Amino acid sequence: MKNARRQARESALQALYAWQLSGADPDEEARGLEGEERGDLALFESIVSGVRDRAVELEALISPHLDREFARLSPVERAILYIGALELAAHPMTPFKVVLNEAVELGKSFGAAEGYRFVNGVLEKIAAQLRPEEFARSRHNA
């Protein structure tokens with residue numbers, strides 16, 4: 001059974017995926033999901049509106065860590081990276097290792113067979129950039 005936060009991330013991924021394909025407002029895409037499908041509603045809304053409002057900023061944060069152009073990523077990879085980068089930037093109370101783990105799980109559930117490794121590597125670099133103290137502590141304790 002999925003916890004509410006995992007369900008919120010999965011639902012946000014689905015809304016952001018549809019947003020990328022249709023160009024419609026991701027809030028409109030989210031309205032098609034039933035309340036219980038959204039999980040933690042506050043997290044779901046924070047992710048969807050945060051990515052919508054900060055997409056350009058998030059793309060600029062993600063792009064330097066890619067091995068190809070952002071536009072050449074699959075919509076699923078882009079959505080997962082948007083979610084992970086947003087959480088790293090805007091949700092400092094969520095440990096970066098949790099953000100990375102959740103992104104990997106989304107990648108395994110919705111992405112290509114090896115796509116989750118790529119996502120993990122990119123988000124790890126972003127975590128080192130945005131949360132250097134937390135990142136250094138985790139490396140020291142490893």
# chains A, B, ... in the order shown; residues from 1 in each chain; ligands from 1

call {"tool": "residues_around", "arguments": {"residues": "Ser63 in chain A", "least_positions_apart": "5", "cutoff": "12 Å", "atoms": "only C-alpha atoms", "output": "mmCIF file with N, CA and C atoms, in the first residue's frame"}}
result
data_model
loop_
_atom_site.group_PDB
_atom_site.id
_atom_site.type_symbol
_atom_site.label_atom_id
_atom_site.label_comp_id
_atom_site.auth_asym_id
_atom_site.auth_seq_id
_atom_site.Cartn_x
_atom_site.Cartn_y
_atom_site.Cartn_z
ATOM 1 N N ALA A 55 8.808 26.550 -13.599
ATOM 2 C CA ALA A 55 9.345 25.633 -14.614
ATOM 3 C C ALA A 55 10.632 26.151 -15.247
ATOM 4 N N VAL A 56 10.679 27.423 -15.591
ATOM 5 C CA VAL A 56 11.865 27.985 -16.232
ATOM 6 C C VAL A 56 13.057 27.933 -15.269
ATOM 7 N N GLU A 57 12.834 28.329 -14.027
ATOM 8 C CA GLU A 57 13.881 28.285 -13.001
ATOM 9 C C GLU A 57 14.358 26.851 -12.768
ATOM 10 N N LEU A 58 13.430 25.906 -12.700
ATOM 11 C CA LEU A 58 13.799 24.509 -12.471
ATOM 12 C C LEU A 58 14.580 23.944 -13.650
ATOM 13 N N ARG A 68 22.395 15.732 -22.190
ATOM 14 C CA ARG A 68 21.710 16.101 -23.431
ATOM 15 C C ARG A 68 20.783 17.278 -23.128
ATOM 16 N N GLU A 69 20.205 17.849 -24.143
ATOM 17 C CA GLU A 69 19.316 18.980 -23.961
ATOM 18 C C GLU A 69 18.082 18.579 -23.156
ATOM 19 N N PHE A 70 17.610 19.500 -22.342
ATOM 20 C CA PHE A 70 16.422 19.255 -21.523
ATOM 21 C C PHE A 70 15.245 18.815 -22.384
ATOM 22 N N ALA A 71 15.057 19.458 -23.516
ATOM 23 C CA ALA A 71 13.932 19.155 -24.405
ATOM 24 C C ALA A 71 13.998 17.740 -24.967
ATOM 25 N N ARG A 72 15.182 17.124 -24.966
ATOM 26 C CA ARG A 72 15.327 15.767 -25.512
ATOM 27 C C ARG A 72 15.027 14.682 -24.492
ATOM 28 N N LEU A 73 14.805 15.068 -23.245
ATOM 29 C CA LEU A 73 14.409 14.099 -22.231
ATOM 30 C C LEU A 73 12.981 13.642 -22.506
ATOM 31 N N ARG A 78 11.485 14.338 -17.550
ATOM 32 C CA ARG A 78 11.358 15.765 -17.232
ATOM 33 C C ARG A 78 10.468 15.975 -16.017
ATOM 34 N N LEU A 81 12.307 14.906 -12.858
ATOM 35 C CA LEU A 81 13.347 15.880 -12.519
ATOM 36 C C LEU A 81 12.744 17.193 -12.026
ATOM 37 N N TYR A 82 11.662 17.621 -12.626
ATOM 38 C CA TYR A 82 10.967 18.812 -12.124
ATOM 39 C C TYR A 82 10.549 18.609 -10.664
ATOM 40 N N ALA A 85 13.730 18.370 -8.343
ATOM 41 C CA ALA A 85 14.402 19.666 -8.210
ATOM 42 C C ALA A 85 13.558 20.629 -7.386
ATOM 43 N N VAL A 122 21.421 13.003 -11.682
ATOM 44 C CA VAL A 122 21.157 14.433 -11.875
ATOM 45 C C VAL A 122 20.711 15.063 -10.565
ATOM 46 N N LEU A 123 19.775 14.430 -9.876
ATOM 47 C CA LEU A 123 19.265 15.008 -8.626
ATOM 48 C C LEU A 123 20.325 15.019 -7.527
ATOM 49 N N LYS A 125 23.474 15.641 -7.996
ATOM 50 C CA LYS A 125 24.281 16.838 -8.281
ATOM 51 C C LYS A 125 23.554 18.109 -7.853
ATOM 52 N N ILE A 126 22.248 18.142 -8.076
ATOM 53 C CA ILE A 126 21.455 19.302 -7.656
ATOM 54 C C ILE A 126 21.424 19.390 -6.135
#

call {"tool": "residues_around", "arguments": {"residues": "Arg131 in chain A", "least_positions_apart": "3", "cutoff": "12 Å", "atoms": "only C-alpha atoms", "output": "PyMOL selection string"}}
result
chain A and resi 85+87-97+123-128+134-138

call {"tool": "write_last_selection", "arguments": {"atoms": "C-alpha atoms", "output": "PDB file, in the first residue's frame"}}
result
ATOM      1  CA  ALA A  85      14.402  19.666  -8.210  1.00  0.00           C
ATOM      2  CA  GLU A  87      11.416  19.435  -3.638  1.00  0.00           C
ATOM      3  CA  LEU A  88      15.149  20.007  -3.196  1.00  0.00           C
ATOM      4  CA  ALA A  89      14.704  23.752  -3.708  1.00  0.00           C
ATOM      5  CA  ALA A  90      11.386  24.422  -1.989  1.00  0.00           C
ATOM      6  CA  HIS A  91      10.921  21.676   0.606  1.00  0.00           C
ATOM      7  CA  PRO A  92      14.007  21.859   2.840  1.00  0.00           C
ATOM      8  CA  MET A  93      12.332  19.830   5.586  1.00  0.00           C
ATOM      9  CA  THR A  94      12.292  16.768   3.309  1.00  0.00           C
ATOM     10  CA  PRO A  95      15.754  15.174   3.541  1.00  0.00           C
ATOM     11  CA  PHE A  96      17.509  15.122   0.188  1.00  0.00           C
ATOM     12  CA  LYS A  97      17.936  11.337   0.403  1.00  0.00           C
ATOM     13  CA  LEU A 123      19.265  15.008  -8.626  1.00  0.00           C
ATOM     14  CA  GLU A 124      22.301  14.061  -6.556  1.00  0.00           C
ATOM     15  CA  LYS A 125      24.281  16.838  -8.281  1.00  0.00           C
ATOM     16  CA  ILE A 126      21.455  19.302  -7.656  1.00  0.00           C
ATOM     17  CA  ALA A 127      21.319  18.245  -3.993  1.00  0.00           C
ATOM     18  CA  ALA A 128      25.058  18.876  -3.649  1.00  0.00           C
ATOM     19  CA  GLU A 134      23.322  18.232   4.277  1.00  0.00           C
ATOM     20  CA  PHE A 135      25.016  16.579   1.303  1.00  0.00           C
ATOM     21  CA  ALA A 136      28.466  16.755   2.947  1.00  0.00           C
ATOM     22  CA  ARG A 137      27.109  15.283   6.200  1.00  0.00           C
ATOM     23  CA  SER A 138      25.604  12.350   4.314  1.00  0.00           C
TER      24      SER A 138
END

call {"tool": "closest_residue", "arguments": {"among": "A:Ser109, A:Gln20, A:Ser49, A:Gln7", "to": "Ala79 in chain A", "atoms": "only C-alpha atoms"}}
result
A:Gln20

call {"tool": "atom_distance", "arguments": {"atom1": "CA of Pro132 in chain A", "atom2": "CA of Glu102 in chain A"}}
result
19.8 Å

call {"tool": "residues_around", "arguments": {"residues": "Val119 in chain A", "least_positions_apart": "5", "cutoff": "8 Å", "atoms": "only C-alpha atoms", "output": "list in words"}}
result
Glu77, Ile80, Leu81, Ala103, Val104 and Gly107 of chain A

call {"tool": "write_last_selection", "arguments": {"atoms": "C-alpha atoms", "output": "PDB file, in the first residue's frame"}}
result
ATOM      1  CA  GLU A  77      12.091  12.042 -17.048  1.00  0.00           C
ATOM      2  CA  ILE A  80      10.458  13.424 -12.332  1.00  0.00           C
ATOM      3  CA  LEU A  81      13.347  15.880 -12.519  1.00  0.00           C
ATOM      4  CA  ALA A 103      12.422  10.120  -7.602  1.00  0.00           C
ATOM      5  CA  VAL A 104      14.099   6.757  -8.154  1.00  0.00           C
ATOM      6  CA  GLY A 107      11.496   6.360 -12.314  1.00  0.00           C
TER       7      GLY A 107
END

call {"tool": "atom_distance", "arguments": {"atom1": "CA of Phe44 in chain A", "atom2": "CA of Ser11 in chain A"}}
result
7.1 Å

call {"tool": "closest_residue", "arguments": {"among": "A:Asn120, A:Asp40, A:Phe110, A:Ala8", "to": "Pro75 in chain A", "atoms": "only C-alpha atoms"}}
result
A:Phe110

call {"tool": "atom_distance", "arguments": {"atom1": "CA of Val48 in chain A", "atom2": "CA of Gly121 in chain A"}}
result
22.9 Å
